[in-house]
$ cat start.pdb   # PDB, C-alpha atoms
MODEL        1
ATOM      1  CA  GLN A   1     -25.243 -34.702 -39.117
ATOM      2  CA  VAL A   2     -24.846 -37.603 -36.720
ATOM      3  CA  LEU A   3     -27.672 -39.085 -34.688
ATOM      4  CA  LEU A   4     -26.755 -40.812 -31.429
ATOM      5  CA  VAL A   5     -29.143 -43.061 -29.519
ATOM      6  CA  GLU A   6     -28.242 -44.437 -26.102
ATOM      7  CA  SER A   7     -29.690 -47.605 -24.602
ATOM      8  CA  GLY A   8     -28.972 -50.131 -21.893
ATOM      9  CA  GLY A   9     -29.821 -48.069 -18.846
ATOM     10  CA  GLY A  10     -31.970 -49.387 -16.044
ATOM     11  CA  SER A  11     -32.122 -50.123 -12.357
ATOM     12  CA  VAL A  12     -29.508 -52.246 -10.635
ATOM     13  CA  GLN A  13     -28.361 -52.935  -7.115
ATOM     14  CA  ALA A  14     -25.047 -51.680  -5.814
ATOM     15  CA  GLY A  15     -22.201 -53.885  -6.963
ATOM     16  CA  GLY A  16     -23.985 -54.816 -10.156
ATOM     17  CA  SER A  17     -23.114 -54.131 -13.782
ATOM     18  CA  LEU A  18     -24.686 -52.528 -16.818
ATOM     19  CA  ARG A  19     -23.523 -52.024 -20.382
ATOM     20  CA  LEU A  20     -24.657 -48.887 -22.128
ATOM     21  CA  SER A  21     -24.745 -48.661 -25.906
ATOM     22  CA  CYS A  22     -24.613 -45.615 -28.148
ATOM     23  CA  GLN A  23     -25.730 -46.325 -31.686
ATOM     24  CA  GLY A  24     -24.602 -43.794 -34.233
ATOM     25  CA  SER A  25     -26.130 -43.101 -37.626
ATOM     26  CA  GLY A  26     -25.335 -40.610 -40.332
ATOM     27  CA  TYR A  27     -21.790 -39.426 -40.962
ATOM     28  CA  THR A  28     -20.298 -41.442 -38.113
ATOM     29  CA  SER A  29     -17.131 -42.103 -40.116
ATOM     30  CA  ARG A  30     -16.314 -38.421 -39.619
ATOM     31  CA  ARG A  31     -16.511 -38.731 -35.851
ATOM     32  CA  ASN A  32     -13.106 -39.572 -34.442
ATOM     33  CA  CYS A  33     -13.668 -38.616 -30.819
ATOM     34  CA  TRP A  34     -16.318 -40.395 -28.708
ATOM     35  CA  GLY A  35     -17.209 -40.103 -25.048
ATOM     36  CA  TRP A  36     -19.626 -40.745 -22.219
ATOM     37  CA  PHE A  37     -20.932 -38.179 -19.742
ATOM     38  CA  ARG A  38     -23.529 -38.200 -16.991
ATOM     39  CA  GLN A  39     -25.625 -35.737 -15.086
ATOM     40  CA  ALA A  40     -27.411 -36.304 -11.817
ATOM     41  CA  PRO A  41     -30.277 -34.068 -10.647
ATOM     42  CA  GLY A  42     -28.940 -30.839  -9.212
ATOM     43  CA  LYS A  43     -25.393 -31.589 -10.287
ATOM     44  CA  GLU A  44     -23.185 -30.473 -13.154
ATOM     45  CA  ARG A  45     -22.491 -32.694 -16.106
ATOM     46  CA  GLU A  46     -19.573 -35.012 -15.435
ATOM     47  CA  GLY A  47     -17.247 -36.495 -18.016
ATOM     48  CA  LEU A  48     -16.590 -40.193 -17.584
ATOM     49  CA  ALA A  49     -14.611 -41.560 -20.502
ATOM     50  CA  ALA A  50     -13.466 -40.596 -23.958
ATOM     51  CA  HIS A  51     -11.794 -42.424 -26.795
ATOM     52  CA  SER A  52      -9.940 -41.060 -29.791
ATOM     53  CA  ILE A  53      -9.991 -43.455 -32.718
ATOM     54  CA  SER A  54      -7.119 -41.863 -34.628
ATOM     55  CA  GLY A  55      -4.908 -41.517 -31.596
ATOM     56  CA  ASN A  56      -6.021 -44.827 -30.121
ATOM     57  CA  SER A  57      -6.074 -43.121 -26.752
ATOM     58  CA  THR A  58      -8.565 -43.355 -23.929
ATOM     59  CA  TYR A  59      -9.356 -41.112 -20.971
ATOM     60  CA  TYR A  60     -11.167 -42.041 -17.770
ATOM     61  CA  ALA A  61     -12.284 -39.822 -14.953
ATOM     62  CA  GLY A  62     -10.887 -40.771 -11.593
ATOM     63  CA  SER A  63     -14.342 -41.537 -10.229
ATOM     64  CA  VAL A  64     -14.841 -44.400 -12.702
ATOM     65  CA  LYS A  65     -11.328 -45.541 -13.568
ATOM     66  CA  GLY A  66     -11.001 -49.255 -12.998
ATOM     67  CA  ARG A  67     -14.793 -49.738 -12.949
ATOM     68  CA  PHE A  68     -15.950 -48.402 -16.339
ATOM     69  CA  THR A  69     -14.626 -49.301 -19.792
ATOM     70  CA  ILE A  70     -15.318 -47.495 -23.058
ATOM     71  CA  SER A  71     -15.119 -49.438 -26.293
ATOM     72  CA  ARG A  72     -16.228 -49.096 -29.883
ATOM     73  CA  ASP A  73     -17.468 -51.489 -32.547
ATOM     74  CA  ASN A  74     -16.632 -49.774 -35.839
ATOM     75  CA  ILE A  75     -18.715 -52.186 -37.888
ATOM     76  CA  LYS A  76     -21.828 -51.551 -35.838
ATOM     77  CA  ASN A  77     -21.093 -47.819 -35.388
ATOM     78  CA  THR A  78     -21.686 -48.338 -31.701
ATOM     79  CA  VAL A  79     -19.828 -47.145 -28.628
ATOM     80  CA  TYR A  80     -20.230 -48.994 -25.344
ATOM     81  CA  LEU A  81     -19.713 -48.159 -21.709
ATOM     82  CA  GLN A  82     -19.278 -51.236 -19.561
ATOM     83  CA  MET A  83     -19.997 -50.300 -15.961
ATOM     84  CA  ASN A  84     -19.008 -52.646 -13.140
ATOM     85  CA  SER A  85     -19.111 -52.365  -9.361
ATOM     86  CA  LEU A  86     -21.847 -49.772  -9.585
ATOM     87  CA  LYS A  87     -22.501 -47.492  -6.631
ATOM     88  CA  PRO A  88     -25.566 -45.470  -5.653
ATOM     89  CA  GLU A  89     -23.630 -42.318  -6.532
ATOM     90  CA  ASP A  90     -23.469 -43.542 -10.124
ATOM     91  CA  THR A  91     -27.184 -42.830 -10.431
ATOM     92  CA  ALA A  92     -27.627 -40.304 -13.238
ATOM     93  CA  MET A  93     -28.703 -39.752 -16.821
ATOM     94  CA  TYR A  94     -25.939 -41.008 -19.087
ATOM     95  CA  TYR A  95     -25.153 -39.405 -22.434
ATOM     96  CA  CYS A  96     -22.819 -40.249 -25.270
ATOM     97  CA  ALA A  97     -21.164 -37.639 -27.440
ATOM     98  CA  ALA A  98     -19.133 -37.601 -30.629
ATOM     99  CA  SER A  99     -16.937 -35.083 -32.405
ATOM    100  CA  GLY A 100     -14.888 -34.882 -35.552
ATOM    101  CA  TYR A 101     -11.978 -33.516 -33.527
ATOM    102  CA  VAL A 102      -8.622 -35.097 -34.296
ATOM    103  CA  GLY A 103      -5.906 -34.510 -31.729
ATOM    104  CA  ASP A 104      -4.781 -35.147 -28.213
ATOM    105  CA  TYR A 105      -7.640 -33.459 -26.399
ATOM    106  CA  CYS A 106     -10.639 -35.636 -27.225
ATOM    107  CA  TYR A 107     -12.208 -35.478 -23.755
ATOM    108  CA  THR A 108     -11.563 -31.768 -23.321
ATOM    109  CA  THR A 109     -13.115 -31.049 -26.696
ATOM    110  CA  LEU A 110     -16.277 -33.033 -25.949
ATOM    111  CA  ALA A 111     -16.613 -31.360 -22.552
ATOM    112  CA  GLN A 112     -16.879 -27.908 -24.107
ATOM    113  CA  PRO A 113     -20.475 -26.590 -24.053
ATOM    114  CA  GLY A 114     -22.089 -26.923 -27.460
ATOM    115  CA  SER A 115     -19.372 -29.204 -28.766
ATOM    116  CA  GLY A 116     -20.116 -32.291 -30.836
ATOM    117  CA  ASP A 117     -23.205 -34.410 -31.281
ATOM    118  CA  TRP A 118     -25.152 -35.682 -28.277
ATOM    119  CA  GLY A 119     -27.729 -38.339 -27.636
ATOM    120  CA  GLN A 120     -30.891 -37.983 -25.555
ATOM    121  CA  GLY A 121     -29.547 -40.019 -22.678
ATOM    122  CA  THR A 122     -30.384 -43.212 -20.821
ATOM    123  CA  GLN A 123     -31.200 -43.357 -17.112
ATOM    124  CA  VAL A 124     -29.123 -45.433 -14.712
ATOM    125  CA  THR A 125     -30.379 -45.977 -11.168
ATOM    126  CA  VAL A 126     -28.290 -47.810  -8.586
ATOM    127  CA  SER A 127     -29.935 -48.783  -5.325
ATOM    128  CA  SER A 128     -28.116 -49.595  -2.096
TER     129      SER A 128
ENDMDL
END

$ encode --input "start.pdb" --output "structure tokens"
Amino acid sequence: QVLLVESGGGSVQAGGSLRLSCQGSGYTSRRNCWGWFRQAPGKEREGLAAHSISGNSTYYAGSVKGRFTISRDNIKNTVYLQMNSLKPEDTAMYYCAASGYVGDYCYTTLAQPGSGDWGQGTQVTVSS
């Protein structure tokens, strides 16, 4: 069992930055695949970024590539999402997820319904 707790959300003006954190506890050493997703009211969940520790590979959705960066601090068992140049359309609840999956399809695996461990989310609001 892995518990994930997100933090770092808040309100920011367009063009600003936020860094989200996802603190993991429990058997985090068994979680190789980590990612960030978001969901805005009335919209489907959207994958943003994923990182495979074993494969040292990273995926970014086109909507955030070049603006968002996923990183992990293995000592602190924490995954971060640095978000720059924020836009009003980035407003959503942001979630982190983790899976024990080892392979080339980290993002795809996390995106499957019911897959992996998920946090409760942190709200990000970007005003124009």

$ closest_residue --input "start.pdb" --among "A:Tyr27, A:Tyr107, A:Tyr95, A:Trp118" --to "Tyr80 of chain A" --atoms "only C-alpha atoms"
A:Tyr95

$ atom_distance --input "start.pdb" --atom1 "atom CA of Ser127 of chain A" --atom2 "atom CA of Ser85 of chain A"
12.1 Å

$ resolve_selection --input "start.pdb" --expression "the PyMOL selection byres ((chain A and resi 125) around 10)" --output "list of chain:residue names"
A:Gly9, A:Gly10, A:Ser11, A:Val12, A:Gln13, A:Ala14, A:Leu86, A:Lys87, A:Pro88, A:Glu89, A:Asp90, A:Thr91, A:Ala92, A:Met93, A:Gln123, A:Val124, A:Val126, A:Ser127

$ closest_residue --input "start.pdb" --among "A:Ser128, A:Thr78, A:Thr109, A:Thr69" --to "Leu18 of chain A" --atoms "all atoms listed in the file"
A:Thr69

$ resolve_selection --input "start.pdb" --expression "the PyMOL selection byres ((chain A and resi 35-45) around 7)" --output "list in words"
Cys33, Trp34, Glu46, Gly47, Leu48, Ala49, Ala50, His51, Thr91, Ala92, Met93, Tyr94, Tyr95, Cys96, Ala97, Ala98 and Tyr107 of chain A

$ resolve_selection --input "start.pdb" --expression "the PyMOL selection byres ((chain A and resi 115) around 10)" --output "MDAnalysis selection string"
chainID A and resid 97:101 108:114 116:118

$ closest_residue --input "start.pdb" --among "A:Asn32, A:Glu6, A:Leu20, A:Gln120" --to "Ile70 of chain A" --atoms "all atoms listed in the file"
A:Leu20

$ residues_around --input "start.pdb" --residues "segment 23-26 of chain A" --least-positions-apart "4" --cutoff "7 Å" --atoms "all atoms listed in the file" --output "number ranges by chain"
A: 1-6, 77-79

$ build_atoms --input "start.pdb" --residues "segment 2-13 of chain A" --atoms "all heavy atoms" --output "short mmCIF file (atom, residue, chain, number, x, y, z; two decimals), keeping the file's coordinate frame"
data_model
loop_
_atom_site.label_atom_id
_atom_site.label_comp_id
_atom_site.auth_asym_id
_atom_site.auth_seq_id
_atom_site.Cartn_x
_atom_site.Cartn_y
_atom_site.Cartn_z
N VAL A 2 -24.95 -36.29 -37.33
CA VAL A 2 -24.85 -37.60 -36.72
C VAL A 2 -25.93 -37.73 -35.66
O VAL A 2 -26.09 -36.84 -34.82
CB VAL A 2 -23.45 -37.81 -36.10
CG1 VAL A 2 -23.41 -39.11 -35.30
CG2 VAL A 2 -22.39 -37.83 -37.19
N LEU A 3 -26.65 -38.80 -35.69
CA LEU A 3 -27.67 -39.08 -34.69
C LEU A 3 -27.14 -40.14 -33.74
O LEU A 3 -26.65 -41.18 -34.18
CB LEU A 3 -28.95 -39.58 -35.35
CG LEU A 3 -30.11 -39.96 -34.42
CD1 LEU A 3 -30.60 -38.73 -33.67
CD2 LEU A 3 -31.24 -40.60 -35.22
N LEU A 4 -27.23 -39.88 -32.44
CA LEU A 4 -26.76 -40.81 -31.43
C LEU A 4 -27.93 -41.24 -30.56
O LEU A 4 -28.69 -40.40 -30.09
CB LEU A 4 -25.69 -40.16 -30.56
CG LEU A 4 -24.47 -39.61 -31.28
CD1 LEU A 4 -23.53 -38.91 -30.28
CD2 LEU A 4 -23.73 -40.70 -32.01
N VAL A 5 -28.07 -42.52 -30.34
CA VAL A 5 -29.14 -43.06 -29.52
C VAL A 5 -28.55 -43.98 -28.47
O VAL A 5 -27.95 -45.01 -28.81
CB VAL A 5 -30.17 -43.82 -30.37
CG1 VAL A 5 -31.27 -44.38 -29.47
CG2 VAL A 5 -30.77 -42.91 -31.44
N GLU A 6 -28.74 -43.62 -27.20
CA GLU A 6 -28.24 -44.44 -26.10
C GLU A 6 -29.29 -45.46 -25.69
O GLU A 6 -30.50 -45.22 -25.80
CB GLU A 6 -27.89 -43.58 -24.88
CG GLU A 6 -26.85 -42.51 -25.12
CD GLU A 6 -27.45 -41.16 -25.44
OE1 GLU A 6 -28.60 -41.12 -25.92
OE2 GLU A 6 -26.78 -40.14 -25.20
N SER A 7 -28.81 -46.58 -25.16
CA SER A 7 -29.69 -47.60 -24.60
C SER A 7 -28.91 -48.41 -23.57
O SER A 7 -27.69 -48.25 -23.45
CB SER A 7 -30.22 -48.53 -25.71
OG SER A 7 -29.16 -49.22 -26.33
N GLY A 8 -29.63 -49.24 -22.85
CA GLY A 8 -28.97 -50.13 -21.89
C GLY A 8 -29.08 -49.68 -20.45
O GLY A 8 -28.63 -50.39 -19.55
N GLY A 9 -29.66 -48.52 -20.22
CA GLY A 9 -29.82 -48.07 -18.85
C GLY A 9 -30.88 -48.88 -18.12
O GLY A 9 -31.59 -49.69 -18.73
N GLY A 10 -30.98 -48.67 -16.84
CA GLY A 10 -31.97 -49.39 -16.04
C GLY A 10 -31.67 -49.27 -14.58
O GLY A 10 -30.87 -48.42 -14.16
N SER A 11 -32.31 -50.11 -13.80
CA SER A 11 -32.12 -50.12 -12.36
C SER A 11 -31.31 -51.35 -11.96
O SER A 11 -31.59 -52.46 -12.45
CB SER A 11 -33.48 -50.13 -11.65
OG SER A 11 -34.21 -48.97 -11.94
N VAL A 12 -30.38 -51.16 -11.08
CA VAL A 12 -29.51 -52.25 -10.64
C VAL A 12 -29.12 -52.01 -9.19
O VAL A 12 -29.10 -50.86 -8.72
CB VAL A 12 -28.26 -52.34 -11.55
CG1 VAL A 12 -27.40 -51.09 -11.42
CG2 VAL A 12 -27.46 -53.59 -11.27
N GLN A 13 -28.81 -53.07 -8.49
CA GLN A 13 -28.36 -52.94 -7.12
C GLN A 13 -26.87 -52.61 -7.07
O GLN A 13 -26.12 -52.93 -8.01
CB GLN A 13 -28.64 -54.22 -6.33
CG GLN A 13 -30.12 -54.44 -6.05
CD GLN A 13 -30.35 -55.55 -5.06
OE1 GLN A 13 -29.57 -56.50 -4.99
NE2 GLN A 13 -31.40 -55.45 -4.28
#
